[in-house]
file upload-v3.txt (compact mmCIF, N, CA and C atoms)
# COMPACT_ATOMS: atom_id res chain seq x y z
N MET A 743 3.10 118.39 -60.92
CA MET A 743 2.72 117.48 -59.86
C MET A 743 3.34 116.10 -60.13
N ARG A 744 3.85 115.50 -59.09
CA ARG A 744 4.49 114.19 -59.18
C ARG A 744 3.44 113.10 -59.42
N PRO A 745 3.72 112.16 -60.35
CA PRO A 745 2.75 111.08 -60.58
C PRO A 745 2.69 110.13 -59.38
N SER A 746 1.58 109.41 -59.27
CA SER A 746 1.47 108.38 -58.22
C SER A 746 2.43 107.24 -58.55
N TRP A 747 2.71 106.41 -57.56
CA TRP A 747 3.57 105.25 -57.80
C TRP A 747 2.97 104.38 -58.90
N ASP A 748 1.64 104.20 -58.88
CA ASP A 748 1.00 103.38 -59.91
C ASP A 748 1.26 103.95 -61.30
N GLU A 749 1.12 105.26 -61.45
CA GLU A 749 1.36 105.89 -62.75
C GLU A 749 2.84 105.78 -63.14
N TYR A 750 3.71 105.96 -62.17
CA TYR A 750 5.15 105.89 -62.40
C TYR A 750 5.55 104.51 -62.93
N PHE A 751 5.12 103.45 -62.23
CA PHE A 751 5.50 102.10 -62.65
C PHE A 751 4.79 101.68 -63.94
N MET A 752 3.58 102.19 -64.18
CA MET A 752 2.91 101.90 -65.45
C MET A 752 3.66 102.56 -66.60
N ASP A 753 4.19 103.75 -66.37
CA ASP A 753 5.01 104.39 -67.40
C ASP A 753 6.22 103.52 -67.75
N ILE A 754 6.80 102.89 -66.76
CA ILE A 754 7.94 102.00 -67.00
C ILE A 754 7.48 100.77 -67.80
N ALA A 755 6.31 100.23 -67.46
CA ALA A 755 5.76 99.10 -68.22
C ALA A 755 5.53 99.49 -69.68
N GLU A 756 5.07 100.72 -69.89
CA GLU A 756 4.88 101.23 -71.26
C GLU A 756 6.21 101.27 -72.02
N LEU A 757 7.26 101.64 -71.33
CA LEU A 757 8.58 101.68 -71.96
C LEU A 757 9.07 100.25 -72.27
N VAL A 758 8.88 99.33 -71.33
CA VAL A 758 9.30 97.95 -71.50
C VAL A 758 8.60 97.30 -72.69
N LYS A 759 7.34 97.63 -72.92
CA LYS A 759 6.59 96.99 -74.01
C LYS A 759 7.17 97.31 -75.38
N LYS A 760 7.98 98.33 -75.48
CA LYS A 760 8.60 98.67 -76.76
C LYS A 760 9.59 97.60 -77.22
N ARG A 761 9.99 96.72 -76.33
CA ARG A 761 10.89 95.60 -76.69
C ARG A 761 10.12 94.44 -77.31
N SER A 762 8.79 94.46 -77.24
CA SER A 762 7.97 93.38 -77.76
C SER A 762 8.21 93.15 -79.25
N THR A 763 8.20 91.89 -79.64
CA THR A 763 8.35 91.53 -81.04
C THR A 763 7.05 90.97 -81.61
N CYS A 764 5.96 91.09 -80.86
CA CYS A 764 4.65 90.60 -81.32
C CYS A 764 4.11 91.51 -82.41
N LEU A 765 3.53 90.92 -83.42
CA LEU A 765 2.99 91.68 -84.54
C LEU A 765 1.58 92.19 -84.27
N ARG A 766 0.90 91.63 -83.27
CA ARG A 766 -0.50 91.97 -83.02
C ARG A 766 -0.72 92.91 -81.85
N ARG A 767 0.03 92.74 -80.77
CA ARG A 767 -0.18 93.54 -79.57
C ARG A 767 1.12 93.59 -78.77
N GLN A 768 1.55 94.78 -78.41
CA GLN A 768 2.74 94.92 -77.58
C GLN A 768 2.28 95.15 -76.14
N VAL A 769 2.84 94.35 -75.24
CA VAL A 769 2.48 94.43 -73.82
C VAL A 769 3.76 94.44 -72.99
N GLY A 770 3.77 95.25 -71.95
CA GLY A 770 4.89 95.31 -71.02
C GLY A 770 4.42 95.05 -69.61
N ALA A 771 5.31 94.53 -68.77
CA ALA A 771 5.00 94.25 -67.37
C ALA A 771 6.19 94.59 -66.50
N VAL A 772 5.90 95.03 -65.28
CA VAL A 772 6.93 95.34 -64.29
C VAL A 772 6.45 94.77 -62.96
N ILE A 773 7.27 93.96 -62.31
CA ILE A 773 6.94 93.45 -60.98
C ILE A 773 7.72 94.27 -59.97
N VAL A 774 6.98 94.77 -58.97
CA VAL A 774 7.53 95.72 -58.00
C VAL A 774 7.20 95.27 -56.58
N LYS A 775 8.15 95.45 -55.68
CA LYS A 775 7.91 95.21 -54.26
C LYS A 775 8.61 96.31 -53.47
N ASP A 776 7.88 96.89 -52.53
CA ASP A 776 8.42 97.97 -51.71
C ASP A 776 8.98 99.11 -52.59
N ASN A 777 8.25 99.41 -53.65
CA ASN A 777 8.60 100.47 -54.60
C ASN A 777 9.96 100.25 -55.28
N ARG A 778 10.37 98.99 -55.39
CA ARG A 778 11.60 98.63 -56.09
C ARG A 778 11.27 97.63 -57.19
N ILE A 779 11.82 97.85 -58.36
CA ILE A 779 11.57 96.95 -59.49
C ILE A 779 12.31 95.64 -59.26
N LEU A 780 11.56 94.53 -59.35
CA LEU A 780 12.16 93.20 -59.24
C LEU A 780 12.52 92.65 -60.62
N THR A 781 11.55 92.68 -61.54
CA THR A 781 11.78 92.20 -62.90
C THR A 781 10.86 92.94 -63.87
N THR A 782 11.16 92.76 -65.13
CA THR A 782 10.30 93.29 -66.20
C THR A 782 10.06 92.16 -67.20
N GLY A 783 9.05 92.35 -68.04
CA GLY A 783 8.79 91.38 -69.10
C GLY A 783 8.00 92.03 -70.22
N TYR A 784 8.13 91.48 -71.38
CA TYR A 784 7.35 91.92 -72.54
C TYR A 784 6.97 90.68 -73.34
N ASN A 785 5.99 90.80 -74.20
CA ASN A 785 5.58 89.62 -74.95
C ASN A 785 6.50 89.41 -76.16
N GLY A 786 6.95 88.17 -76.27
CA GLY A 786 7.85 87.78 -77.34
C GLY A 786 8.20 86.32 -77.20
N VAL A 787 8.86 85.78 -78.22
CA VAL A 787 9.18 84.35 -78.23
C VAL A 787 10.26 84.03 -77.20
N PRO A 788 10.33 82.75 -76.78
CA PRO A 788 11.38 82.34 -75.85
C PRO A 788 12.77 82.55 -76.47
N PRO A 789 13.79 82.61 -75.62
CA PRO A 789 15.16 82.79 -76.13
C PRO A 789 15.54 81.72 -77.15
N LYS A 790 16.39 82.10 -78.08
CA LYS A 790 16.95 81.22 -79.11
C LYS A 790 15.94 80.82 -80.17
N MET A 791 14.80 81.49 -80.21
CA MET A 791 13.80 81.21 -81.24
C MET A 791 13.68 82.42 -82.16
N ARG A 792 13.27 82.17 -83.40
CA ARG A 792 13.07 83.27 -84.34
C ARG A 792 11.83 84.06 -83.95
N HIS A 793 11.93 85.36 -84.08
CA HIS A 793 10.82 86.25 -83.72
C HIS A 793 9.75 86.25 -84.79
N CYS A 794 8.55 86.56 -84.37
CA CYS A 794 7.42 86.63 -85.30
C CYS A 794 7.66 87.67 -86.39
N GLU A 795 8.42 88.71 -86.07
CA GLU A 795 8.79 89.72 -87.07
C GLU A 795 9.52 89.08 -88.25
N GLU A 796 10.24 87.97 -87.97
CA GLU A 796 11.02 87.28 -88.99
C GLU A 796 10.20 86.25 -89.76
N ILE A 797 9.33 85.51 -89.05
CA ILE A 797 8.66 84.38 -89.70
C ILE A 797 7.15 84.56 -89.84
N GLY A 798 6.60 85.63 -89.29
CA GLY A 798 5.17 85.87 -89.40
C GLY A 798 4.41 85.34 -88.19
N CYS A 799 3.14 85.64 -88.18
CA CYS A 799 2.27 85.28 -87.06
C CYS A 799 1.19 84.31 -87.54
N LEU A 800 1.20 83.10 -86.98
CA LEU A 800 0.21 82.09 -87.35
C LEU A 800 -1.19 82.53 -86.97
N ARG A 801 -1.34 83.15 -85.80
CA ARG A 801 -2.67 83.60 -85.37
C ARG A 801 -3.23 84.66 -86.32
N LYS A 802 -2.36 85.54 -86.77
CA LYS A 802 -2.77 86.57 -87.73
C LYS A 802 -3.16 85.92 -89.07
N LYS A 803 -2.34 84.98 -89.51
CA LYS A 803 -2.59 84.27 -90.77
C LYS A 803 -3.93 83.53 -90.73
N LEU A 804 -4.25 82.92 -89.59
CA LEU A 804 -5.50 82.16 -89.44
C LEU A 804 -6.67 83.04 -89.02
N ASN A 805 -6.40 84.34 -88.83
CA ASN A 805 -7.44 85.30 -88.43
C ASN A 805 -8.10 84.92 -87.10
N VAL A 806 -7.28 84.51 -86.13
CA VAL A 806 -7.76 84.12 -84.81
C VAL A 806 -8.05 85.38 -84.01
N PRO A 807 -9.25 85.51 -83.45
CA PRO A 807 -9.58 86.71 -82.66
C PRO A 807 -8.71 86.81 -81.40
N SER A 808 -8.50 88.04 -80.96
CA SER A 808 -7.75 88.30 -79.74
C SER A 808 -8.41 87.57 -78.57
N GLY A 809 -7.58 86.99 -77.70
CA GLY A 809 -8.10 86.30 -76.52
C GLY A 809 -8.45 84.85 -76.74
N GLU A 810 -8.26 84.33 -77.96
CA GLU A 810 -8.60 82.94 -78.26
C GLU A 810 -7.38 82.19 -78.79
N ARG A 811 -7.39 80.87 -78.60
CA ARG A 811 -6.40 79.95 -79.16
C ARG A 811 -4.95 80.34 -78.82
N HIS A 812 -4.72 80.57 -77.54
CA HIS A 812 -3.38 80.95 -77.07
C HIS A 812 -2.30 79.94 -77.49
N GLU A 813 -2.70 78.69 -77.63
CA GLU A 813 -1.72 77.64 -77.96
C GLU A 813 -1.11 77.82 -79.35
N LEU A 814 -1.71 78.63 -80.19
CA LEU A 814 -1.18 78.87 -81.53
C LEU A 814 -0.12 79.98 -81.56
N CYS A 815 0.09 80.63 -80.45
CA CYS A 815 1.03 81.75 -80.39
C CYS A 815 2.40 81.25 -79.94
N ARG A 816 3.44 81.69 -80.62
CA ARG A 816 4.82 81.33 -80.27
C ARG A 816 5.34 82.13 -79.09
N ALA A 817 4.70 83.24 -78.79
CA ALA A 817 5.23 84.16 -77.78
C ALA A 817 4.77 83.82 -76.37
N LEU A 818 5.60 84.23 -75.43
CA LEU A 818 5.22 84.28 -74.02
C LEU A 818 4.60 85.64 -73.77
N HIS A 819 3.67 85.72 -72.85
CA HIS A 819 3.08 87.01 -72.50
C HIS A 819 4.02 87.76 -71.57
N ALA A 820 3.83 89.06 -71.48
CA ALA A 820 4.70 89.91 -70.67
C ALA A 820 4.73 89.45 -69.21
N GLU A 821 3.55 89.12 -68.67
CA GLU A 821 3.47 88.67 -67.28
C GLU A 821 4.26 87.38 -67.09
N GLN A 822 4.14 86.46 -68.04
CA GLN A 822 4.87 85.19 -67.97
C GLN A 822 6.37 85.45 -67.98
N ASN A 823 6.83 86.30 -68.87
CA ASN A 823 8.26 86.62 -68.94
C ASN A 823 8.77 87.28 -67.66
N ALA A 824 7.96 88.15 -67.05
CA ALA A 824 8.38 88.81 -65.81
C ALA A 824 8.52 87.78 -64.68
N VAL A 825 7.57 86.85 -64.57
CA VAL A 825 7.64 85.81 -63.53
C VAL A 825 8.80 84.85 -63.82
N ILE A 826 9.00 84.50 -65.09
CA ILE A 826 10.11 83.62 -65.47
C ILE A 826 11.45 84.26 -65.11
N GLN A 827 11.59 85.54 -65.37
CA GLN A 827 12.84 86.23 -65.03
C GLN A 827 13.10 86.17 -63.53
N ALA A 828 12.05 86.34 -62.75
CA ALA A 828 12.22 86.24 -61.29
C ALA A 828 12.67 84.83 -60.91
N ALA A 829 12.05 83.82 -61.49
CA ALA A 829 12.41 82.43 -61.17
C ALA A 829 13.85 82.13 -61.58
N LYS A 830 14.25 82.59 -62.76
CA LYS A 830 15.62 82.33 -63.26
C LYS A 830 16.67 82.94 -62.35
N HIS A 831 16.34 84.05 -61.72
CA HIS A 831 17.32 84.77 -60.90
C HIS A 831 17.09 84.60 -59.40
N GLY A 832 16.18 83.70 -59.03
CA GLY A 832 15.95 83.42 -57.61
C GLY A 832 15.32 84.56 -56.84
N ILE A 833 14.44 85.31 -57.51
CA ILE A 833 13.79 86.46 -56.88
C ILE A 833 12.35 86.09 -56.54
N SER A 834 11.99 86.19 -55.27
CA SER A 834 10.61 85.91 -54.87
C SER A 834 9.71 87.08 -55.28
N VAL A 835 8.55 86.74 -55.87
CA VAL A 835 7.56 87.77 -56.21
C VAL A 835 6.40 87.75 -55.21
N GLU A 836 6.52 86.97 -54.17
CA GLU A 836 5.48 86.89 -53.12
C GLU A 836 5.18 88.29 -52.58
N ASP A 837 3.91 88.62 -52.48
CA ASP A 837 3.43 89.89 -51.94
C ASP A 837 3.86 91.12 -52.76
N SER A 838 4.12 90.92 -54.04
CA SER A 838 4.53 92.04 -54.90
C SER A 838 3.33 92.54 -55.72
N THR A 839 3.58 93.58 -56.49
CA THR A 839 2.59 94.15 -57.40
C THR A 839 3.12 94.02 -58.81
N ILE A 840 2.24 93.67 -59.75
CA ILE A 840 2.63 93.66 -61.16
C ILE A 840 1.84 94.75 -61.87
N TYR A 841 2.55 95.50 -62.68
CA TYR A 841 1.98 96.54 -63.52
C TYR A 841 2.03 96.02 -64.95
N VAL A 842 0.88 95.99 -65.62
CA VAL A 842 0.78 95.43 -66.96
C VAL A 842 0.03 96.40 -67.85
N THR A 843 0.50 96.55 -69.08
CA THR A 843 -0.13 97.50 -69.99
C THR A 843 -1.42 96.99 -70.61
N ALA A 844 -1.80 95.74 -70.33
CA ALA A 844 -3.08 95.18 -70.77
C ALA A 844 -3.59 94.23 -69.69
N GLN A 845 -4.88 94.05 -69.63
CA GLN A 845 -5.47 93.12 -68.67
C GLN A 845 -4.89 91.73 -68.89
N PRO A 846 -4.53 91.01 -67.83
CA PRO A 846 -4.01 89.65 -68.00
C PRO A 846 -5.05 88.71 -68.59
N CYS A 847 -4.58 87.77 -69.41
CA CYS A 847 -5.44 86.70 -69.92
C CYS A 847 -5.61 85.68 -68.80
N VAL A 848 -6.44 84.68 -69.02
CA VAL A 848 -6.70 83.68 -67.98
C VAL A 848 -5.45 82.85 -67.66
N ILE A 849 -4.63 82.57 -68.65
CA ILE A 849 -3.40 81.81 -68.40
C ILE A 849 -2.47 82.62 -67.50
N CYS A 850 -2.29 83.89 -67.82
CA CYS A 850 -1.44 84.75 -66.98
C CYS A 850 -2.05 84.95 -65.60
N ALA A 851 -3.36 85.08 -65.55
CA ALA A 851 -4.03 85.24 -64.25
C ALA A 851 -3.71 84.05 -63.34
N LYS A 852 -3.77 82.85 -63.87
CA LYS A 852 -3.47 81.66 -63.06
C LYS A 852 -2.01 81.67 -62.59
N ILE A 853 -1.10 82.08 -63.46
CA ILE A 853 0.32 82.16 -63.08
C ILE A 853 0.52 83.21 -61.99
N LEU A 854 -0.11 84.35 -62.13
CA LEU A 854 0.04 85.43 -61.13
C LEU A 854 -0.56 85.01 -59.79
N ILE A 855 -1.70 84.35 -59.83
CA ILE A 855 -2.32 83.86 -58.59
C ILE A 855 -1.38 82.87 -57.89
N ALA A 856 -0.87 81.91 -58.65
CA ALA A 856 -0.02 80.86 -58.07
C ALA A 856 1.33 81.40 -57.60
N SER A 857 1.79 82.50 -58.19
CA SER A 857 3.12 83.02 -57.84
C SER A 857 3.13 83.82 -56.55
N GLY A 858 1.96 84.17 -56.03
CA GLY A 858 1.90 84.91 -54.78
C GLY A 858 1.84 86.42 -54.94
N ILE A 859 1.71 86.88 -56.16
CA ILE A 859 1.55 88.32 -56.38
C ILE A 859 0.26 88.75 -55.69
N LYS A 860 0.32 89.89 -54.99
CA LYS A 860 -0.85 90.30 -54.19
C LYS A 860 -1.67 91.41 -54.85
N ARG A 861 -1.11 92.03 -55.91
CA ARG A 861 -1.81 93.17 -56.51
C ARG A 861 -1.48 93.23 -58.00
N ILE A 862 -2.51 93.49 -58.80
CA ILE A 862 -2.35 93.62 -60.25
C ILE A 862 -2.91 94.98 -60.65
N VAL A 863 -2.08 95.78 -61.31
CA VAL A 863 -2.52 97.06 -61.85
C VAL A 863 -2.35 96.96 -63.36
N PHE A 864 -3.44 97.19 -64.09
CA PHE A 864 -3.36 97.08 -65.55
C PHE A 864 -3.98 98.30 -66.20
N LYS A 865 -3.69 98.45 -67.48
CA LYS A 865 -4.12 99.64 -68.20
C LYS A 865 -5.13 99.31 -69.29
N GLY A 866 -4.77 98.50 -70.25
CA GLY A 866 -5.63 98.23 -71.40
C GLY A 866 -6.54 97.04 -71.19
N ASP A 867 -7.56 96.96 -72.01
CA ASP A 867 -8.52 95.86 -71.94
C ASP A 867 -8.01 94.63 -72.69
N TYR A 868 -8.60 93.48 -72.36
CA TYR A 868 -8.33 92.22 -73.05
C TYR A 868 -9.62 91.42 -72.97
N PRO A 869 -10.02 90.78 -74.05
CA PRO A 869 -11.32 90.10 -74.06
C PRO A 869 -11.30 88.76 -73.30
N ASP A 870 -11.23 88.82 -71.98
CA ASP A 870 -11.15 87.60 -71.17
C ASP A 870 -11.80 87.84 -69.81
N GLU A 871 -13.09 87.60 -69.72
CA GLU A 871 -13.82 87.82 -68.46
C GLU A 871 -13.44 86.81 -67.38
N LEU A 872 -13.09 85.59 -67.78
CA LEU A 872 -12.74 84.56 -66.81
C LEU A 872 -11.52 84.99 -65.99
N SER A 873 -10.57 85.66 -66.62
CA SER A 873 -9.37 86.07 -65.88
C SER A 873 -9.71 87.00 -64.73
N ILE A 874 -10.57 87.97 -64.98
CA ILE A 874 -10.94 88.92 -63.92
C ILE A 874 -11.67 88.20 -62.79
N SER A 875 -12.59 87.30 -63.14
CA SER A 875 -13.33 86.60 -62.09
C SER A 875 -12.41 85.71 -61.25
N MET A 876 -11.42 85.08 -61.88
CA MET A 876 -10.49 84.24 -61.12
C MET A 876 -9.60 85.10 -60.21
N ILE A 877 -9.15 86.23 -60.72
CA ILE A 877 -8.32 87.13 -59.90
C ILE A 877 -9.12 87.62 -58.70
N GLU A 878 -10.35 88.04 -58.94
CA GLU A 878 -11.20 88.52 -57.83
C GLU A 878 -11.46 87.41 -56.82
N GLU A 879 -11.74 86.20 -57.31
CA GLU A 879 -11.99 85.06 -56.41
C GLU A 879 -10.76 84.74 -55.56
N SER A 880 -9.58 84.93 -56.12
CA SER A 880 -8.34 84.60 -55.41
C SER A 880 -8.02 85.59 -54.28
N GLY A 881 -8.68 86.75 -54.31
CA GLY A 881 -8.41 87.75 -53.28
C GLY A 881 -7.30 88.72 -53.64
N ILE A 882 -6.74 88.57 -54.83
CA ILE A 882 -5.72 89.52 -55.28
C ILE A 882 -6.41 90.85 -55.56
N GLU A 883 -5.78 91.93 -55.12
CA GLU A 883 -6.31 93.26 -55.43
C GLU A 883 -6.06 93.54 -56.90
N ILE A 884 -7.05 94.01 -57.61
CA ILE A 884 -6.90 94.35 -59.02
C ILE A 884 -7.39 95.75 -59.26
N LYS A 885 -6.63 96.50 -60.05
CA LYS A 885 -6.96 97.91 -60.30
C LYS A 885 -6.70 98.23 -61.76
N LYS A 886 -7.66 98.90 -62.39
CA LYS A 886 -7.46 99.37 -63.75
C LYS A 886 -7.13 100.85 -63.70
N LEU A 887 -6.05 101.26 -64.33
CA LEU A 887 -5.68 102.67 -64.40
C LEU A 887 -6.44 103.34 -65.52
call {"tool": "encode", "arguments": {"input": "upload-v3.txt", "output": "structure tokens"}}
result
Amino acid sequence: MRPSWDEYFMDIAELVKKRSTCLRRQVGAVIVKDNRILTTGYNGVPPKMRHCEEIGCLRKKLNVPSGERHELCRALHAEQNAVIQAAKHGISVEDSTIYVTAQPCVICAKILIASGIKRIVFKGDYPDELSISMIEESGIEIKKL
């Protein structure tokens, strides 16, 4: 039996997350419109910076719990990288769907809301209740696979 579009694009997000250089959690994202991939993203440091694999993870060293103290992380989240790629290449993400292998954090939720994405499909959990409430308040459709 053929997988649903949601399952199909989530499988692609799972593949994209393998590019992640994060030592704590690998996340992948795919932005899709009209069943066509616009951009992808994974969590990792900005271009021209040393990866955490090379220099270590400050959050891990300080034993910072997941979902807290985002400012101590050198990496961009998968959702942020996917939106940044769209911006760099002049691709509108308005009215698109993002597939993410983990629930967006509150920072990513705000970026997705502001970018005009109309639907978020995610797979794994993330300890951030505020993000879900903001997404729901914004009227964006959210679905957990």
call {"tool": "closest_residue", "arguments": {"input": "upload-v3.txt", "among": "A:Lys775, A:Arg761, A:Lys865, A:Arg766", "to": "Lys803 in chain A", "atoms": "only C-alpha atoms"}}
result
A:Arg766
call {"tool": "closest_residue", "arguments": {"input": "upload-v3.txt", "among": "A:Cys799, A:Leu804, A:Leu765, A:Ala824", "to": "Tyr784 in chain A", "atoms": "only C-alpha atoms"}}
result
A:Ala824
call {"tool": "closest_residue", "arguments": {"input": "upload-v3.txt", "among": "A:Val842, A:Ala771, A:Ile862, A:Ile855", "to": "Gln827 in chain A", "atoms": "only C-alpha atoms"}}
result
A:Ala771
call {"tool": "atom_distance", "arguments": {"input": "upload-v3.txt", "atom1": "CA of Ala851 in chain A", "atom2": "CA of Asp776 in chain A"}}
result
21.8 Å
call {"tool": "residues_around", "arguments": {"input": "upload-v3.txt", "residues": "Gln845 in chain A", "least_positions_apart": "5", "cutoff": "6 Å", "atoms": "only C-alpha atoms", "output": "list of chain:residue names"}}
result
A:Phe864, A:Gly866, A:Asp867, A:Tyr868
call {"tool": "atom_distance", "arguments": {"input": "upload-v3.txt", "atom1": "CA of Val848 in chain A", "atom2": "CA of Ile754 in chain A"}}
result
23.5 Å
call {"tool": "residues_near_point", "arguments": {"input": "upload-v3.txt", "point": "(0.9, 100.5, -57.5)", "cutoff": "8 Å", "atoms": "all atoms listed in the file", "output": "PDB file with N, CA and C atoms, in the frame of the given file"}}
result
ATOM      1  N   SER A 746       1.580 109.410 -59.270  1.00  0.00           N
ATOM      2  CA  SER A 746       1.470 108.380 -58.220  1.00  0.00           C
ATOM      3  C   SER A 746       2.430 107.240 -58.550  1.00  0.00           C
ATOM      4  N   TRP A 747       2.710 106.410 -57.560  1.00  0.00           N
ATOM      5  CA  TRP A 747       3.570 105.250 -57.800  1.00  0.00           C
ATOM      6  C   TRP A 747       2.970 104.380 -58.900  1.00  0.00           C
ATOM      7  N   ASP A 748       1.640 104.200 -58.880  1.00  0.00           N
ATOM      8  CA  ASP A 748       1.000 103.380 -59.910  1.00  0.00           C
ATOM      9  C   ASP A 748       1.260 103.950 -61.300  1.00  0.00           C
ATOM     10  N   GLU A 749       1.120 105.260 -61.450  1.00  0.00           N
ATOM     11  CA  GLU A 749       1.360 105.890 -62.750  1.00  0.00           C
ATOM     12  C   GLU A 749       2.840 105.780 -63.140  1.00  0.00           C
ATOM     13  N   TYR A 750       3.710 105.960 -62.170  1.00  0.00           N
ATOM     14  CA  TYR A 750       5.150 105.890 -62.400  1.00  0.00           C
ATOM     15  C   TYR A 750       5.550 104.510 -62.930  1.00  0.00           C
ATOM     16  N   PHE A 751       5.120 103.450 -62.230  1.00  0.00           N
ATOM     17  CA  PHE A 751       5.500 102.100 -62.650  1.00  0.00           C
ATOM     18  C   PHE A 751       4.790 101.680 -63.940  1.00  0.00           C
ATOM     19  N   MET A 752       3.580 102.190 -64.180  1.00  0.00           N
ATOM     20  CA  MET A 752       2.910 101.900 -65.450  1.00  0.00           C
ATOM     21  C   MET A 752       3.660 102.560 -66.600  1.00  0.00           C
ATOM     22  N   THR A 839       3.580  93.580 -56.490  1.00  0.00           N
ATOM     23  CA  THR A 839       2.590  94.150 -57.400  1.00  0.00           C
ATOM     24  C   THR A 839       3.120  94.020 -58.810  1.00  0.00           C
ATOM     25  N   ILE A 840       2.240  93.670 -59.750  1.00  0.00           N
ATOM     26  CA  ILE A 840       2.630  93.660 -61.160  1.00  0.00           C
ATOM     27  C   ILE A 840       1.840  94.750 -61.870  1.00  0.00           C
ATOM     28  N   TYR A 841       2.550  95.500 -62.680  1.00  0.00           N
ATOM     29  CA  TYR A 841       1.980  96.540 -63.520  1.00  0.00           C
ATOM     30  C   TYR A 841       2.030  96.020 -64.950  1.00  0.00           C
ATOM     31  N   ARG A 861      -1.110  92.030 -55.910  1.00  0.00           N
ATOM     32  CA  ARG A 861      -1.810  93.170 -56.510  1.00  0.00           C
ATOM     33  C   ARG A 861      -1.480  93.230 -58.000  1.00  0.00           C
ATOM     34  N   ILE A 862      -2.510  93.490 -58.800  1.00  0.00           N
ATOM     35  CA  ILE A 862      -2.350  93.620 -60.250  1.00  0.00           C
ATOM     36  C   ILE A 862      -2.910  94.980 -60.650  1.00  0.00           C
ATOM     37  N   VAL A 863      -2.080  95.780 -61.310  1.00  0.00           N
ATOM     38  CA  VAL A 863      -2.520  97.060 -61.850  1.00  0.00           C
ATOM     39  C   VAL A 863      -2.350  96.960 -63.360  1.00  0.00           C
TER      40      VAL A 863
END
call {"tool": "build_atoms", "arguments": {"input": "upload-v3.txt", "residues": "range 788-801 of chain A", "atoms": "N, CA, C and O atoms", "output": "PDB file, in the coordinates of the input"}}
result
ATOM      1  N   PRO A 788      10.330  82.750 -76.780  1.00  0.00           N
ATOM      2  CA  PRO A 788      11.380  82.340 -75.850  1.00  0.00           C
ATOM      3  C   PRO A 788      12.770  82.550 -76.470  1.00  0.00           C
ATOM      4  O   PRO A 788      12.913  82.609 -77.696  1.00  0.00           O
ATOM      5  N   PRO A 789      13.790  82.610 -75.620  1.00  0.00           N
ATOM      6  CA  PRO A 789      15.160  82.790 -76.130  1.00  0.00           C
ATOM      7  C   PRO A 789      15.540  81.720 -77.150  1.00  0.00           C
ATOM      8  O   PRO A 789      15.058  80.589 -77.091  1.00  0.00           O
ATOM      9  N   LYS A 790      16.390  82.100 -78.080  1.00  0.00           N
ATOM     10  CA  LYS A 790      16.950  81.220 -79.110  1.00  0.00           C
ATOM     11  C   LYS A 790      15.940  80.820 -80.170  1.00  0.00           C
ATOM     12  O   LYS A 790      16.179  79.894 -80.944  1.00  0.00           O
ATOM     13  N   MET A 791      14.800  81.490 -80.210  1.00  0.00           N
ATOM     14  CA  MET A 791      13.800  81.210 -81.240  1.00  0.00           C
ATOM     15  C   MET A 791      13.680  82.420 -82.160  1.00  0.00           C
ATOM     16  O   MET A 791      13.907  83.547 -81.734  1.00  0.00           O
ATOM     17  N   ARG A 792      13.270  82.170 -83.400  1.00  0.00           N
ATOM     18  CA  ARG A 792      13.070  83.270 -84.340  1.00  0.00           C
ATOM     19  C   ARG A 792      11.830  84.060 -83.950  1.00  0.00           C
ATOM     20  O   ARG A 792      10.821  83.482 -83.549  1.00  0.00           O
ATOM     21  N   HIS A 793      11.930  85.360 -84.080  1.00  0.00           N
ATOM     22  CA  HIS A 793      10.820  86.250 -83.720  1.00  0.00           C
ATOM     23  C   HIS A 793       9.750  86.250 -84.790  1.00  0.00           C
ATOM     24  O   HIS A 793      10.019  85.990 -85.971  1.00  0.00           O
ATOM     25  N   CYS A 794       8.550  86.560 -84.370  1.00  0.00           N
ATOM     26  CA  CYS A 794       7.420  86.630 -85.300  1.00  0.00           C
ATOM     27  C   CYS A 794       7.660  87.670 -86.390  1.00  0.00           C
ATOM     28  O   CYS A 794       7.156  87.527 -87.503  1.00  0.00           O
ATOM     29  N   GLU A 795       8.420  88.710 -86.070  1.00  0.00           N
ATOM     30  CA  GLU A 795       8.790  89.720 -87.070  1.00  0.00           C
ATOM     31  C   GLU A 795       9.520  89.080 -88.250  1.00  0.00           C
ATOM     32  O   GLU A 795       9.443  89.545 -89.367  1.00  0.00           O
ATOM     33  N   GLU A 796      10.240  87.970 -87.970  1.00  0.00           N
ATOM     34  CA  GLU A 796      11.020  87.280 -88.990  1.00  0.00           C
ATOM     35  C   GLU A 796      10.200  86.250 -89.760  1.00  0.00           C
ATOM     36  O   GLU A 796      10.371  86.109 -90.972  1.00  0.00           O
ATOM     37  N   ILE A 797       9.330  85.510 -89.050  1.00  0.00           N
ATOM     38  CA  ILE A 797       8.660  84.380 -89.700  1.00  0.00           C
ATOM     39  C   ILE A 797       7.150  84.560 -89.840  1.00  0.00           C
ATOM     40  O   ILE A 797       6.483  83.727 -90.431  1.00  0.00           O
ATOM     41  N   GLY A 798       6.600  85.630 -89.290  1.00  0.00           N
ATOM     42  CA  GLY A 798       5.170  85.870 -89.400  1.00  0.00           C
ATOM     43  C   GLY A 798       4.410  85.340 -88.190  1.00  0.00           C
ATOM     44  O   GLY A 798       4.961  84.686 -87.315  1.00  0.00           O
ATOM     45  N   CYS A 799       3.140  85.640 -88.180  1.00  0.00           N
ATOM     46  CA  CYS A 799       2.270  85.280 -87.060  1.00  0.00           C
ATOM     47  C   CYS A 799       1.190  84.310 -87.540  1.00  0.00           C
ATOM     48  O   CYS A 799       0.357  84.662 -88.386  1.00  0.00           O
ATOM     49  N   LEU A 800       1.200  83.100 -86.980  1.00  0.00           N
ATOM     50  CA  LEU A 800       0.210  82.090 -87.350  1.00  0.00           C
ATOM     51  C   LEU A 800      -1.190  82.530 -86.970  1.00  0.00           C
ATOM     52  O   LEU A 800      -2.147  82.338 -87.719  1.00  0.00           O
ATOM     53  N   ARG A 801      -1.340  83.150 -85.800  1.00  0.00           N
ATOM     54  CA  ARG A 801      -2.670  83.600 -85.370  1.00  0.00           C
ATOM     55  C   ARG A 801      -3.230  84.660 -86.320  1.00  0.00           C
ATOM     56  O   ARG A 801      -4.407  84.652 -86.648  1.00  0.00           O
TER      57      ARG A 801
END
